[in-house]
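K.L.:
So here's protein14.txt, just compact mmCIF, C-alpha atoms:
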# COMPACT_ATOMS: atom_id res chain seq x y z
CA MET A 1 106.82 120.53 85.94
CA SER A 2 105.96 123.23 88.44
CA ALA A 3 107.80 123.75 91.70
CA ASP A 4 104.63 122.75 93.58
CA ALA A 5 104.48 119.39 91.81
CA THR A 6 108.10 118.60 92.57
CA SER A 7 107.71 119.33 96.28
CA GLN A 8 104.77 116.96 96.78
CA GLU A 9 105.23 113.56 98.35
CA PRO A 10 104.53 110.52 96.10
CA GLY A 11 100.93 109.48 96.63
CA SER A 12 99.80 113.02 97.57
CA GLU A 13 96.60 114.46 96.10
CA SER A 14 98.35 116.66 93.51
CA ASP A 15 100.66 113.76 92.60
CA ARG A 16 97.60 111.58 91.96
CA GLU A 17 95.95 114.35 89.95
CA ARG A 18 99.06 114.77 87.80
CA SER A 19 99.41 111.08 87.14
CA THR A 20 95.78 110.59 86.10
CA GLU A 21 95.50 113.59 83.78
CA ALA A 22 96.77 111.76 80.69
CA THR A 23 96.40 108.37 79.09
CA THR A 24 99.64 106.76 77.97
CA THR A 25 99.95 103.83 75.55
CA VAL A 26 103.06 101.64 75.71
CA GLU A 27 104.27 98.49 74.01
CA VAL A 28 104.59 95.64 76.51
CA ARG A 29 107.00 92.76 75.96
CA CYS A 30 106.62 89.71 78.19
CA THR A 31 109.07 86.85 78.62
CA GLY A 32 109.13 83.51 80.41
CA HIS A 33 106.53 83.03 83.12
CA VAL A 34 105.00 86.47 82.49
CA ARG A 35 104.42 85.58 78.83
CA GLU A 36 102.78 82.34 79.88
CA ALA A 37 100.47 84.10 82.39
CA VAL A 38 99.54 86.99 80.07
CA GLY A 39 99.07 84.73 77.04
CA THR A 40 101.21 86.71 74.61
CA HIS A 41 104.70 88.13 74.31
CA ASP A 42 103.78 91.45 72.70
CA LEU A 43 100.83 93.77 73.36
CA GLU A 44 99.87 97.41 73.40
CA PHE A 45 98.57 98.67 76.75
CA ALA A 46 96.87 101.99 77.56
CA PHE A 47 96.60 103.29 81.12
CA GLU A 48 95.76 106.48 82.96
CA GLY A 49 98.84 108.37 84.10
CA ASP A 50 102.37 108.67 82.81
CA ARG A 51 104.60 106.94 85.36
CA LEU A 52 105.86 103.37 85.56
CA ARG A 53 103.96 103.08 88.86
CA ASP A 54 100.69 103.97 87.06
CA PHE A 55 101.41 101.41 84.35
CA LEU A 56 102.21 98.63 86.83
CA GLU A 57 99.07 99.28 88.90
CA ALA A 58 96.85 99.19 85.80
CA PHE A 59 98.62 96.19 84.27
CA PHE A 60 98.48 94.19 87.52
CA ALA A 61 94.76 94.99 87.84
CA GLU A 62 94.22 93.36 84.44
CA TYR A 63 96.84 90.58 84.55
CA ASP A 64 97.65 88.60 87.70
CA VAL A 65 101.45 88.76 87.49
CA GLU A 66 102.38 91.14 90.35
CA GLU A 67 103.45 88.39 92.75
CA MET A 68 105.85 86.86 90.24
CA LEU A 69 107.53 90.20 89.52
CA ILE A 70 107.41 92.51 92.56
CA ALA A 71 109.02 91.80 95.92
CA GLU A 72 107.35 93.35 98.96
CA THR A 73 110.36 92.99 101.25
CA GLU A 74 114.12 93.23 100.91
CA ASP A 75 114.38 89.50 101.67
CA GLU A 76 112.02 88.64 98.78
CA ALA A 77 114.18 90.77 96.46
CA THR A 78 117.44 89.07 97.42
CA ALA A 79 118.83 85.97 95.74
CA HIS A 80 120.20 83.66 98.40
CA GLY A 81 123.23 81.42 98.17
CA TRP A 82 125.53 83.87 96.44
CA ALA A 83 128.93 84.95 97.75
CA GLU A 84 128.97 88.05 99.95
CA PRO A 85 129.71 91.20 97.93
CA PRO A 86 132.88 93.18 98.65
CA GLU A 87 132.71 96.24 100.92
CA GLU A 88 133.08 98.65 98.00
CA LEU A 89 131.44 97.73 94.72
CA PRO A 90 132.88 99.10 91.48
CA GLY A 91 130.77 101.43 89.33
CA THR A 92 127.33 102.81 90.13
CA TRP A 93 124.78 100.58 91.87
CA ARG A 94 121.19 101.70 92.10
CA LYS A 95 118.38 99.98 93.89
CA ASN A 96 114.68 100.79 94.21
CA PRO A 97 113.31 101.27 97.73
CA GLU A 98 111.81 98.32 99.57
CA GLY A 99 108.40 97.39 98.14
CA GLU A 100 109.44 98.62 94.67
CA GLN A 101 112.03 95.98 93.89
CA THR A 102 111.68 92.98 91.65
CA ARG A 103 112.03 89.40 92.80
CA PRO A 104 115.34 87.62 92.10
CA TYR A 105 115.77 87.07 88.35
CA ALA A 106 112.66 89.17 87.51
CA ARG A 107 113.13 92.58 85.88
CA VAL A 108 111.10 95.55 84.67
CA CYS A 109 112.80 97.38 81.80
CA ILE A 110 111.95 100.58 79.96
CA ASN A 111 113.23 100.86 76.40
CA GLY A 112 115.80 98.16 77.10
CA ARG A 113 117.16 99.53 80.40
CA PHE A 114 116.43 98.39 83.94
CA ASN A 115 114.02 100.80 85.67
CA GLU A 116 116.55 101.31 88.49
CA HIS A 117 118.77 103.19 85.99
CA TYR A 118 116.01 105.76 85.57
CA GLU A 119 113.81 106.92 88.45
CA GLY A 120 112.47 103.51 89.51
CA PHE A 121 108.67 103.35 89.69
CA GLU A 122 108.50 107.16 89.35
CA THR A 123 109.97 107.04 85.82
CA GLU A 124 107.81 108.97 83.38
CA LEU A 125 106.61 107.00 80.36
CA GLU A 126 105.68 108.38 76.96
CA ASP A 127 103.42 107.00 74.24
CA GLY A 128 105.29 104.29 72.33
CA ASP A 129 107.78 103.42 75.08
CA ARG A 130 108.58 99.71 75.43
CA VAL A 131 108.08 98.17 78.87
CA ALA A 132 109.52 94.68 79.28
CA LEU A 133 108.29 92.40 82.07
CA ILE A 134 110.89 89.68 82.45
CA TYR A 135 110.75 86.55 84.54
CA PRO A 136 112.69 83.79 82.76
CA PHE A 137 112.11 80.08 82.92
CA MET A 138 114.86 78.56 85.05
CA PHE A 139 116.07 75.04 84.48
CA CYS A 140 118.55 73.04 86.45
CA CYS A 141 120.91 70.38 85.16
So that I can check it, write out the structure of this file as structure tokens.
P.N.:
Amino acid sequence: MSADATSQEPGSESDRERSTEATTTVEVRCTGHVREAVGTHDLEFAFEGDRLRDFLEAFFAEYDVEEMLIAETEDEATAHGWAEPPEELPGTWRKNPEGEQTRPYARVCINGRFNEHYEGFETELEDGDRVALIYPFMFCC
């Protein structure tokens, strides 16, 4: 990647040009409510670009599952009713910026790892990567 490309803001013209130069094909695995909405648990999906953001935009344009997976606000991304966390949490905790977080219990994984452990929605995808869209069925006693 050139120095010019790294200095551009996400969403800038050169960023858009870079992300639409290639077509990437990934394996998509769907669980729970996403599987029900999409109609299958396993599919191959091709899209223009090479970032998770490009994949999600293209996938959501074809399948109406964005609202069940992506939270637009911090409040929508937070599970309520849990105990308050301690001041200092052990280990490394990463979180996507507001508007790029999943709803409580929903997850977007790349090759078996949560996207937050990579570069969030800016994570680069390669042909053959597995993207899992997870929103489990929840049952109460």
K.L.:
Write out as a PyMOL selection string each polymer residue whose atoms come within 7 Å of segment 31-35 of chain A, counting only C-alpha atoms; drop sequence neighbours fewer than 2 positions from it.
P.N.:
chain A and resi 29+37-41+65+133-137
K.L.:
Between A:Val131, A:Ala22, A:Ala106, A:Cys30, which residue has the minimum interatomic distance to Met68 of chain A, considering only C-alpha atoms?
P.N.:
A:Ala106
K.L.:
Between atom CA of Leu56 of chain A and atom CA of Glu74 of chain A, what is the distance in Å, rounded to a tenth?
P.N.:
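Spanning atom CA of Leu56 of chain A to atom CA of Glu74 of chain A is a straight-line distance of 19.2 Å.
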K.L.:
Got a sec: who's within 10 Å of Leu125 of chain A, counting all atoms listed in the file, leaving out chain neighbours fewer than 4 positions off, as a list in words?
P.N.:
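Answer for this query is Thr24, Thr25, Val26, Gly49, Asp50, Arg51, Leu52, Arg53, Asp54, Phe55, Ile110, Asn111, Asp129, Arg130 and Val131 of chain A.
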K.L.:
How many Å lie between atom CA of Glu44 of chain A and atom CA of Glu62 of chain A, rounded to one decimal?
P.N.:
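That distance, rounded to one decimal, is 13.0 Å.
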K.L.:
A:Pro90, A:Glu76, A:Tyr105, A:Glu98: which is nearest Phe121 of chain A, counting all atoms listed in the file?
P.N.:
A:Glu98
K.L.:
Report, in Å to a single decimal, how far apart atom CA of Glu36 of chain A and atom CA of His117 of chain A are.
P.N.:
27.0 Å
